[in-house]
Structures are given as C-alpha cells and as structure tokens.
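Engineer: Handing over coords_27.txt, compact mmCIF, C-alpha atoms.
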```
# COMPACT_ATOMS: atom_id res chain seq x y z
CA MET A 66 -14.19 -5.85 11.93
CA PRO A 67 -12.43 -3.05 10.01
CA ASP A 68 -9.39 -3.64 7.86
CA LEU A 69 -6.67 -4.22 10.46
CA LEU A 70 -3.94 -3.40 7.98
CA GLU A 71 -5.11 0.22 7.90
CA TYR A 72 -3.60 0.50 11.37
CA LEU A 73 -0.42 -1.40 10.49
CA TRP A 74 0.86 0.40 7.37
CA PRO A 75 1.09 3.93 8.86
CA LEU A 76 3.03 2.46 11.76
CA ALA A 77 5.37 0.62 9.40
CA GLU A 78 6.04 3.89 7.57
CA ALA A 79 6.71 5.93 10.72
CA THR A 80 10.27 6.94 11.63
CA ASN A 81 9.56 5.96 15.23
CA PRO A 82 7.06 3.11 14.93
CA VAL A 83 5.77 3.19 18.51
CA VAL A 84 2.12 3.51 19.46
CA ALA A 85 0.93 4.37 22.96
CA ALA A 86 -1.81 2.77 25.03
CA HIS A 87 -4.17 5.74 24.68
CA VAL A 88 -3.95 5.31 20.88
CA THR A 89 -4.53 1.55 20.77
CA SER A 90 -7.46 1.95 23.19
CA SER A 91 -9.13 4.19 20.60
CA TRP A 92 -8.90 1.54 17.88
CA PRO A 93 -12.02 -0.51 17.04
CA SER A 94 -12.55 -3.55 19.21
CA GLY A 95 -10.35 -6.50 18.29
CA VAL A 96 -7.82 -4.64 16.12
CA HIS A 97 -5.07 -4.39 18.73
CA ALA A 98 -5.52 -7.96 19.93
CA ARG A 99 -5.51 -9.41 16.41
CA LEU A 100 -2.34 -7.55 15.38
CA ARG A 101 -0.64 -8.84 18.53
CA GLU A 102 -1.90 -12.36 17.84
CA LEU A 103 -0.39 -12.23 14.34
CA GLY A 104 2.93 -11.10 15.82
CA HIS A 105 2.94 -7.74 14.07
CA LEU A 106 2.65 -5.71 17.28
CA VAL A 107 5.01 -6.39 20.18
CA PRO A 108 5.62 -4.58 23.49
CA ALA A 109 7.93 -1.57 23.45
CA ALA A 110 9.53 0.35 26.33
CA GLU A 111 7.03 1.95 28.68
CA ALA A 112 6.27 5.61 28.09
CA ASP A 113 7.95 8.32 30.17
CA ARG A 114 5.18 10.76 29.20
CA VAL A 115 1.49 9.83 29.10
CA LEU A 116 -1.89 11.36 28.41
CA CYS A 117 -3.59 12.23 31.68
CA PRO A 118 -5.95 9.31 32.43
CA GLU A 119 -8.35 11.61 34.28
CA CYS A 120 -8.94 14.63 32.05
CA HIS A 121 -7.43 13.27 28.77
CA ASP A 122 -6.37 16.80 27.99
CA HIS A 123 -2.57 16.95 28.27
CA PHE A 124 0.60 14.89 28.38
CA GLU A 125 2.78 14.86 31.47
CA GLU A 126 6.02 13.26 32.57
CA VAL A 127 5.66 10.07 34.60
CA LEU A 128 7.18 10.36 38.08
CA ALA A 129 8.07 7.53 40.46
CA CYS A 130 7.34 7.56 44.16
CA GLU A 131 8.08 5.04 46.91
CA GLY A 132 4.94 3.96 48.68
CA PRO A 133 4.05 1.75 51.65
CA GLY A 134 6.17 -1.38 51.99
CA ARG A 135 8.86 0.22 49.80
CA ALA A 136 6.66 -0.40 46.75
CA THR A 137 7.09 2.00 43.84
CA TYR A 138 4.11 3.63 42.22
CA PHE A 139 3.89 6.08 39.36
CA PHE A 140 1.96 9.30 38.98
CA ILE A 141 1.70 12.49 36.94
CA SER A 142 0.95 16.05 38.00
CA CYS A 143 -2.35 17.32 36.61
CA PRO A 144 -3.37 21.01 36.95
CA GLN A 145 -6.96 19.97 37.54
CA HIS A 146 -6.70 16.69 39.45
CA HIS A 147 -3.27 17.28 41.00
CA ARG A 148 -1.48 13.99 41.66
CA VAL A 149 -2.91 11.28 39.40
CA ARG A 150 -1.90 7.65 39.79
CA VAL A 151 -0.70 6.05 36.55
CA SER A 152 -1.10 2.30 36.08
CA HIS A 153 1.16 -0.05 34.16
CA ASP A 154 -1.47 -0.37 31.40
CA VAL A 155 -1.52 3.40 30.86
CA ARG A 156 2.26 3.44 30.37
CA ARG A 157 2.36 0.54 27.91
CA GLN A 158 3.53 1.08 24.35
CA TRP A 159 3.68 -1.12 21.27
CA THR A 160 5.85 -1.29 18.21
CA ILE A 161 5.73 -3.11 14.92
CA ASN A 162 7.81 -6.24 14.50
CA LEU A 163 9.28 -5.50 11.10
CA ASN A 164 11.13 -8.80 10.83
CA VAL A 165 7.90 -10.73 11.34
CA LEU A 166 6.22 -8.54 8.75
CA ALA A 167 9.03 -9.19 6.26
CA GLN A 168 8.78 -12.94 6.82
CA THR A 169 5.00 -12.81 6.43
CA LEU A 170 5.33 -10.97 3.12
CA ALA A 171 7.88 -13.50 1.87
CA THR A 172 5.53 -16.36 2.74
CA THR A 173 2.55 -14.63 1.12
CA LEU A 174 4.48 -13.90 -2.08
CA LYS A 175 5.88 -17.45 -2.23
CA VAL A 176 9.38 -16.27 -3.05
CA THR A 177 12.40 -18.54 -2.79
CA GLY A 178 15.38 -18.10 -0.50
CA ALA A 179 15.80 -16.83 3.05
CA VAL A 180 14.63 -13.43 4.26
CA ALA A 181 17.61 -11.14 4.95
CA GLU A 182 17.70 -7.68 6.53
CA GLN A 183 19.95 -5.72 4.19
CA SER A 184 19.72 -2.33 5.89
CA PRO A 185 18.78 -2.41 9.61
CA GLY A 186 15.14 -1.47 10.02
CA ARG A 187 14.85 -0.23 6.43
CA VAL A 188 15.37 -2.81 3.67
CA TRP A 189 14.76 -6.57 3.60
CA ARG A 190 15.43 -8.99 0.79
CA LEU A 191 12.34 -11.20 0.86
CA GLY A 192 13.64 -13.67 -1.69
CA ARG A 193 13.63 -14.24 -5.42
CA THR A 194 10.86 -14.90 -7.91
CA ASN A 195 10.79 -16.10 -11.49
CA LEU A 196 8.97 -13.73 -13.80
CA LYS A 197 8.80 -14.49 -17.52
CA SER A 198 11.70 -16.91 -17.15
CA GLU A 199 13.78 -14.22 -15.47
CA GLN A 200 15.00 -14.26 -11.85
CA ARG A 201 14.18 -11.08 -9.91
CA ASP A 202 14.83 -10.01 -6.31
CA VAL A 203 11.82 -9.09 -4.20
CA LEU A 204 12.45 -6.44 -1.53
CA PHE A 205 10.54 -4.75 1.28
CA ALA A 206 11.64 -1.20 2.10
CA ARG A 207 10.39 1.58 4.35
CA GLY A 208 11.21 5.24 4.53
CA LEU A 209 11.91 5.79 0.83
CA ASN A 210 10.61 9.34 1.26
CA TRP A 211 12.64 10.13 4.40
CA ASP A 212 15.43 12.68 4.31
CA ASP A 213 18.09 9.96 4.50
CA ALA A 214 16.51 7.70 1.87
CA GLU A 215 19.49 8.10 -0.46
CA THR A 216 21.59 6.08 2.00
CA ILE A 217 19.57 2.94 1.28
CA ARG A 218 18.96 3.50 -2.43
CA GLY A 219 22.14 1.69 -3.52
CA GLY A 220 21.14 -1.47 -1.69
CA ILE A 221 17.93 -1.54 -3.69
CA THR A 222 19.28 -0.70 -7.13
CA SER A 223 22.12 -3.21 -6.81
CA ALA A 224 19.63 -6.07 -6.46
CA ARG A 225 18.77 -8.26 -9.45
CA LYS A 226 15.96 -6.40 -11.31
CA PRO A 227 14.27 -5.61 -7.99
CA ILE A 228 10.57 -5.55 -7.28
CA VAL A 229 10.06 -3.33 -4.23
CA PHE A 230 7.18 -3.39 -1.75
CA VAL A 231 6.65 -0.39 0.55
CA PRO A 232 4.06 0.15 3.31
CA GLN A 233 2.51 3.30 1.82
CA ALA A 234 4.79 6.04 0.55
CA LYS A 235 6.48 5.83 -2.84
CA PRO A 236 9.48 8.06 -3.62
CA GLU A 237 9.40 10.62 -6.39
CA GLN A 238 10.57 9.47 -9.82
CA ASP A 239 13.71 11.62 -9.61
CA PHE A 240 14.77 9.73 -6.48
CA TRP A 241 16.17 7.01 -8.71
CA THR A 242 19.45 7.57 -10.53
CA GLY A 243 18.93 4.85 -13.12
CA ARG A 244 16.28 2.28 -13.94
CA VAL A 245 13.15 2.80 -11.85
CA PRO A 246 12.06 -0.49 -10.25
CA PRO A 247 8.43 -1.47 -9.75
CA ILE A 248 7.30 0.09 -6.45
CA ILE A 249 4.18 -1.51 -4.97
CA ALA A 250 2.40 0.12 -2.02
CA LEU A 251 1.07 -2.53 0.33
CA ASP A 252 -1.82 -0.37 1.51
CA GLN A 253 -3.16 -0.60 -2.06
CA VAL A 254 -2.73 -4.32 -2.70
CA ALA A 255 -2.79 -6.18 0.63
CA MET A 256 -5.73 -7.47 2.60
CA LEU A 257 -6.09 -9.51 5.78
CA SER A 258 -7.87 -12.85 5.75
CA GLU A 259 -8.30 -15.49 8.44
CA SER A 260 -5.01 -17.06 7.38
CA GLY A 261 -3.07 -13.77 7.39
CA ILE A 262 -1.96 -11.18 4.86
CA GLU A 263 -2.95 -11.72 1.23
CA ILE A 264 -1.76 -9.67 -1.74
CA ASP A 265 -3.75 -9.12 -4.94
CA PRO A 266 -1.67 -10.68 -7.76
CA LEU A 267 -3.42 -8.52 -10.37
CA GLU A 268 -2.15 -5.35 -8.73
CA ILE A 269 1.39 -6.74 -8.68
CA THR A 270 1.22 -7.64 -12.37
CA VAL A 271 0.05 -4.14 -13.26
CA ALA A 272 2.79 -2.42 -11.24
CA ILE A 273 5.56 -4.58 -12.67
CA GLN A 274 4.39 -4.27 -16.28
CA ASP A 275 3.97 -0.51 -15.99
CA ALA A 276 7.41 0.01 -14.41
CA ASP A 277 9.13 -2.25 -16.91
CA ALA A 278 7.47 -0.44 -19.81
CA LYS A 279 8.63 2.93 -18.48
CA ALA A 280 12.15 1.64 -17.85
CA SER A 281 12.39 0.45 -21.46
CA GLY A 282 11.34 3.86 -22.77
CA ALA A 283 7.85 2.74 -23.70
CA LYS A 284 4.72 4.72 -23.00
CA ALA A 285 1.14 3.65 -22.60
CA ILE A 286 -1.65 5.02 -24.72
CA VAL A 287 -4.52 5.81 -22.43
CA LEU A 288 -7.90 7.43 -22.55
CA THR A 289 -8.34 10.82 -21.00
CA SER A 290 -10.74 10.88 -18.05
CA GLU A 291 -13.23 12.79 -20.23
CA GLN A 292 -13.11 10.09 -22.92
CA LEU A 293 -13.54 7.32 -20.38
CA THR A 294 -16.48 9.13 -18.75
CA LEU A 295 -18.11 9.56 -22.16
CA MET A 296 -17.72 5.84 -22.87
CA ILE A 297 -19.43 5.00 -19.58
CA ARG A 298 -22.33 7.35 -20.23
CA ARG A 299 -22.82 6.06 -23.77
CA GLN A 300 -22.83 2.47 -22.58
CA ILE A 301 -25.34 3.18 -19.80
CA LYS A 302 -27.60 5.06 -22.23
CA ALA A 303 -27.40 2.26 -24.81
CA GLU A 304 -28.23 -0.40 -22.26
CA GLN A 305 -30.85 1.80 -20.58
CA SER A 306 -29.45 0.58 -17.31
CA THR A 307 -26.94 1.60 -14.67
CA GLU A 308 -25.27 -1.80 -14.94
CA LEU A 309 -21.84 -1.73 -16.51
CA ASN A 310 -20.62 -4.34 -18.94
CA ASP A 311 -17.19 -5.95 -18.83
CA ASP A 312 -15.82 -3.65 -21.52
CA ILE A 313 -16.21 -0.65 -19.23
CA PHE A 314 -14.70 -2.48 -16.27
CA LEU A 315 -11.69 -3.46 -18.36
CA VAL A 316 -11.18 -0.01 -19.87
CA ALA A 317 -11.28 1.55 -16.39
CA TYR A 318 -8.86 -1.09 -15.13
CA ARG A 319 -6.41 -0.43 -17.96
CA GLN A 320 -6.74 3.30 -17.45
CA HIS A 321 -6.11 3.30 -13.70
CA GLY A 322 -3.85 0.25 -13.40
CA SER A 323 -5.57 -0.92 -10.22
CA VAL A 324 -8.81 -2.72 -9.47
CA ARG A 325 -9.29 -0.52 -6.41
CA LYS A 326 -8.75 2.76 -8.25
CA ALA A 327 -10.92 1.58 -11.15
CA ALA A 328 -13.73 0.76 -8.72
CA GLU A 329 -13.44 4.16 -7.05
CA PHE A 330 -13.54 5.92 -10.43
CA LEU A 331 -16.57 3.95 -11.66
CA SER A 332 -18.41 4.51 -8.38
CA SER A 333 -17.84 8.25 -8.72
CA GLU A 334 -18.99 8.33 -12.35
CA THR A 335 -22.08 6.14 -11.98
CA GLY A 336 -23.22 7.19 -8.52
CA LYS A 337 -23.37 3.51 -7.57
CA ALA A 338 -21.14 1.52 -5.25
CA ILE A 339 -18.82 -0.41 -7.56
CA SER A 340 -16.58 -2.79 -5.63
CA LYS A 341 -13.05 -3.79 -6.55
CA ASP A 342 -14.30 -7.39 -6.57
CA GLN A 343 -16.60 -6.54 -9.49
CA VAL A 344 -13.66 -5.13 -11.42
CA GLN A 345 -11.46 -8.07 -10.50
CA ARG A 346 -14.06 -10.60 -11.66
CA ALA A 347 -14.33 -8.78 -14.99
CA VAL A 348 -10.55 -8.89 -15.35
CA ALA A 349 -10.60 -12.61 -14.59
CA ARG A 350 -13.31 -13.15 -17.22
CA GLY A 351 -11.14 -11.16 -19.63
CA GLY A 352 -8.34 -13.68 -19.28
CA GLY A 353 -6.38 -12.18 -16.40
CA ALA A 354 -4.31 -9.04 -15.86
CA ALA A 355 -1.65 -9.75 -18.46
CA GLU A 356 -4.21 -10.54 -21.16
CA VAL A 357 -6.33 -7.50 -20.35
CA LEU A 358 -3.41 -5.10 -20.29
CA ASN A 359 -2.22 -6.28 -23.69
CA ALA A 360 -5.66 -6.28 -25.29
CA GLU A 361 -6.54 -3.88 -28.13
CA ASP A 362 -9.81 -2.53 -29.39
CA SER A 363 -10.97 0.40 -31.44
CA ASP A 364 -11.98 2.46 -28.43
CA SER A 365 -8.87 2.12 -26.31
CA VAL A 366 -5.39 0.78 -26.69
CA VAL A 367 -3.45 0.36 -23.48
CA ARG A 368 -0.11 -1.26 -24.15
CA PRO A 369 3.53 -0.21 -24.34
CA VAL A 370 4.36 1.67 -27.53
CA ALA A 371 7.44 3.50 -28.72
CA SER A 372 5.78 6.88 -29.07
CA GLN A 373 2.41 8.54 -29.32
CA SER A 374 0.72 11.66 -30.62
CA ARG A 375 -0.14 14.47 -28.28
CA ASP A 376 -2.29 17.52 -28.63
CA LYS A 377 -0.95 21.05 -28.31
CA LYS A 378 -1.41 20.99 -24.56
CA GLY A 379 0.61 17.82 -24.22
CA LYS A 380 -2.32 15.52 -23.46
CA LYS A 381 -2.20 11.95 -24.68
CA LEU A 382 -4.38 11.29 -27.69
CA ILE A 383 -6.29 8.11 -28.35
CA ARG A 384 -5.50 6.48 -31.63
CA SER A 385 -7.76 4.09 -33.48
CA LYS A 386 -6.47 0.75 -34.61
CA SER A 387 -6.53 1.88 -38.24
CA GLN A 388 -4.27 4.82 -37.38
CA GLN A 389 -1.77 2.54 -35.71
CA GLU A 390 -1.51 0.05 -38.59
```
How would this structure read if it were set down as structure tokens?
Structural biologist:
Amino acid sequence: MPDLLEYLWPLAEATNPVVAAHVTSSWPSGVHARLRELGHLVPAAEADRVLCPECHDHFEEVLACEGPGRATYFFISCPQHHRVRVSHDVRRQWTINLNVLAQTLATTLKVTGAVAEQSPGRVWRLGRTNLKSEQRDVLFARGLNWDDAETIRGGITSARKPIVFVPQAKPEQDFWTGRVPPIIALDQVAMLSESGIEIDPLEITVAIQDADAKASGAKAIVLTSEQLTLMIRRQIKAEQSTELNDDIFLVAYRQHGSVRKAAEFLSSETGKAISKDQVQRAVARGGGAAEVLNAEDSDSVVRPVASQSRDKKGKKLIRSKSQQE
C-alpha cells in the first residue's frame, strides 16, 4: 500500500479541506478506507455539483426531482447523455478531522498537557515538552502561507519557545517579526505504521537545533554541493566500490539536515538507490542526531559558529580544524 499520509497532508493544507467521491475513488485501493478507519477522514456535506458519472467529462449542478411514491431522486443534465441519475455515493464528500489529527500528533510526540484549539481550524497547542531542561510549547498550525496568516502569527509567537508542526508549507523567513521558531513539515518527517502516525525524532532534532542556532545569530559551516560530491567520488574511488561508508552518510546528513534529503542527494550522486533508512542507521551508529550534528573532522565542520569566511561570491567556505583553532 502507498504512503497514506501523502493523501492526508495536502488536504490538511487546503483552505477548503473537502474531497469529493470522484477523487477518493481514484486513490489506490485501501487508502480511503484506512484514513476513515483512523478517524482522519469524516463525512462532509453532500456535493451540489458533481462530475458526470457517465462521461466523466464535466461538472454539473445536482437537481432534485420527485419520483414515484413521492420519493426524491437526484440527477444532472449531461449534453451527451441528457438526464443522468446521480446516486448518493456519487454525491458524497469527505473532510479531514483536524481535531483528531491534532490529538494523534500529541500522542505520537508524547507531549504533556491537554490539546487545545487556539485558533479555530488553524492552530492547536498540542502540549509541552522538555528539551535540554527547558519547557517548550509544541504547536500544530496550518495555512501559514495563506493571505491571512498574519492573523494567527501572534498566537504562535506568544507561546513558550514554540516548536511548530505544519502539514507541508512553511512560511517565508520574513513572515516572522522576531525569533523564528523551528518549523517542521510533517510530510517530511511523518510516516504511517500499523499503530498510526510515527514521526522521525532525528528530523525533529535537526529542525530544532538549526532554528535555535539561527535565532541565536549562529551560522553553520557547511560543504558546498561540489565539495560534498568530490568527497563521495574520492571515497568510492578509494574503496573501488559503489558502497558508501558511514563518513559519507554523516557528511550528507549534516549538509542536508534530513535523512530523507541526504538519501535523495546520495542516490542522485551515486546512481544507486540509497534509502533514508541507510542514512538513519549510519546516524544511529554515529551516536545519534545530536552527536552527529556537533561532530568535527578535518573535512567538514557542521556546527553553530559565530561567523565564517566567505568567498567573493558570498559562498560559504570550508575551514579546516587547524584554521579554526
């Protein structure tokens, strides 16, 4: 079965999160039923316009007509098939249950406190978590790139050092008037297991550390893509193999800040299918996300620093350990 969450996140980000029967019928088998079973999809009002069930070529307004025995039936007018009967199933629509989603996220993240809807249909306080002996509010927000997003910004920034989860879309940096909170896109970090939604803790750690470093005025020294590609090619040539060692996995992870993005980059560079699980296992062998992100070596240093050299074109320059000391 495909990743069911791929069908959930776009709906959660939509201004009108309603999906019609002709759309759900096009989904792979089992997706619609499973999302309903989990409580994420619930019935919405029936459609007053539907795709013609005969020619599937146009949308028409649903009309009601009294039939035999004073029963009411519904139909549309089709240029090709004329009067076409429309069943209840054709008119059905579904919407996302955002409150259930918020509660599911709170349970998955193991935060403390009750889930509270702060801004109707837009912002939920999932609870509070303890990070490095510091209490922080965990929020779920949608529509941070909508035209009216500024109306909900204050409710986010007034929270206690918020960590914000969004379905997909992150706002631009200049959306924030002060400290930029960690913004974590669920379509990048969440997966669906038999028990429900799971979220990759490594991705969360990366997002929080990166946002906190930026908020404190720190910058990360990173390799350019050309330097990272050269490292990969040298390693493959030295090993006389297309297998990558952990050093390359970890450098790519530090560079891209995501096991998924690191895997995509390495797959592109090597011409082999590198999975995010391979990267994640290398990170685990390296001591975990926090340890890996703070690690130093002579080839790459990826950690918060006060400043860094740049070339004339403004690109970040790698600095050896001897240059930093």
Engineer: Could you tell me how far CA of Ala171 (chain A) lies from CA of Arg190 (chain A), in Å and to one decimal?
Structural biologist: 8.9 Å
Engineer: I'd like the contact shell of Leu103 (chain A) - 10 Å cut-off, only C-alpha atoms, skipping same-chain residues fewer than 3 positions apart - returned as a compact mmCIF listing (two decimals) with C-alpha atoms, keeping the file's coordinate frame.
Structural biologist:
```txt
# COMPACT_ATOMS: atom_id res chain seq x y z
CA ALA A 98 -5.52 -7.96 19.93
CA ARG A 99 -5.51 -9.41 16.41
CA LEU A 100 -2.34 -7.55 15.38
CA LEU A 106 2.65 -5.71 17.28
CA VAL A 107 5.01 -6.39 20.18
CA VAL A 165 7.90 -10.73 11.34
CA LEU A 166 6.22 -8.54 8.75
CA THR A 169 5.00 -12.81 6.43
CA SER A 260 -5.01 -17.06 7.38
CA GLY A 261 -3.07 -13.77 7.39
CA ILE A 262 -1.96 -11.18 4.86
```
Engineer: Any idea what the distance is between CA of Leu70 (chain A) and CA of Arg156 (chain A)?
Structural biologist: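 Atom-to-atom, CA of Leu70 (chain A) and CA of Arg156 (chain A) are spaced 24.2 Å apart.
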Engineer: List the neighbours of Asp252 (chain A) out to 7 Å using all atoms listed in the file; skip same-chain residues closer than 2 positions along the sequence, and give me the result as a ChimeraX atom specification.
Structural biologist: /A:74,232-233,250,254-255
Engineer: Between CA of Val176 (chain A) and CA of Leu191 (chain A), what distance in Å does the model show, to one decimal?
Structural biologist: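 One can read the CA of Val176 (chain A) to CA of Leu191 (chain A) distance as 7.1 Å.
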Engineer: What residues have an atom no more than 12 Å from (16.8, 7.5, 6.6) in the file's own frame, counting all atoms listed in the file, and can you write them as a PyMOL selection string?
Structural biologist: chain A and resi 78-81+184-188+206-218
Engineer: Which is closest to Cys117 (chain A) among A:Ile313, A:Ala278, A:Ala86, A:Cys130, if we use all atoms listed in the file?
Structural biologist: A:Ala86
Engineer: Of the candidates A:Ala276, A:Pro266, A:Pro93, A:Thr160, which one gets nearest to Val229 (chain A) if we count all atoms listed in the file?
Structural biologist: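 So, comparing all the options, the nearest one is A:Ala276.
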Engineer: Identify, on the basis of all atoms listed in the file, every residue whose closest approach to Arg201 (chain A) does not exceed 9 Å; exclude the query and any residue fewer than 3 positions from it along the same chain; express the result as a short mmCIF file (atom, residue, chain, number, x, y, z; two decimals) with C-alpha atoms, keeping the file's coordinate frame.
Structural biologist:
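So the final result, stored in around-v3.cif, reads:
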```cif
data_model
loop_
_atom_site.label_atom_id
_atom_site.label_comp_id
_atom_site.auth_asym_id
_atom_site.auth_seq_id
_atom_site.Cartn_x
_atom_site.Cartn_y
_atom_site.Cartn_z
CA GLY A 192 13.64 -13.67 -1.69
CA ARG A 193 13.63 -14.24 -5.42
CA THR A 194 10.86 -14.90 -7.91
CA ASN A 195 10.79 -16.10 -11.49
CA LEU A 196 8.97 -13.73 -13.80
CA ALA A 224 19.63 -6.07 -6.46
CA ARG A 225 18.77 -8.26 -9.45
CA LYS A 226 15.96 -6.40 -11.31
CA PRO A 227 14.27 -5.61 -7.99
CA ILE A 228 10.57 -5.55 -7.28
#
```
Engineer: Of the residues A:Ile221, A:Ala328, A:Leu73, A:Val180, which is the one nearest to Val344 (chain A), using all atoms listed in the file?
Structural biologist: A:Ala328
Engineer: Around the point (4.8, -2.8, 24.6), in the coordinates given by the file, pick out the residues reaching within 12 Å, counting all atoms listed in the file, and return them as a count of residues only.
Structural biologist: 26
Engineer: For Arg346 (chain A), which residue out of A:Ile249, A:Val149, A:Ile141, A:Leu315 is the nearest one, using only C-alpha atoms?
Structural biologist: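 Selected residue with least distance to Arg346 (chain A): A:Leu315.
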Engineer: Kindly indicate which residue among A:Ala77, A:Val127, A:Ile264, A:Val245 lies nearest to Leu170 (chain A), using all atoms listed in the file for the distances.
Structural biologist: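 Looking only at the distances to Leu170 (chain A), the closest residue turns out to be A:Ile264.
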Engineer: Which residues, written as a list of chain:residue names, have at least one atom at most 8 Å from Gly322 (chain A), with all atoms listed in the file counted and residues fewer than 6 positions away on the same chain left out?
Structural biologist: A:Glu268, A:Val271, A:Ala272
Engineer: Emit the selected residues as an mmCIF file, keeping the file's coordinate frame, including C-alpha atoms.
Structural biologist:
```
data_model
loop_
_atom_site.group_PDB
_atom_site.id
_atom_site.type_symbol
_atom_site.label_atom_id
_atom_site.label_comp_id
_atom_site.auth_asym_id
_atom_site.auth_seq_id
_atom_site.Cartn_x
_atom_site.Cartn_y
_atom_site.Cartn_z
ATOM 1 C CA GLU A 268 -2.150 -5.350 -8.730
ATOM 2 C CA VAL A 271 0.050 -4.140 -13.260
ATOM 3 C CA ALA A 272 2.790 -2.420 -11.240
#
```
Engineer: From the options A:Glu263, A:Ser142, A:Met256, A:Thr137, which residue's atoms come nearest to Thr172 (chain A), counting only C-alpha atoms?
Structural biologist: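 Residue with the minimum atom-to-atom distance to Thr172 (chain A): A:Glu263.
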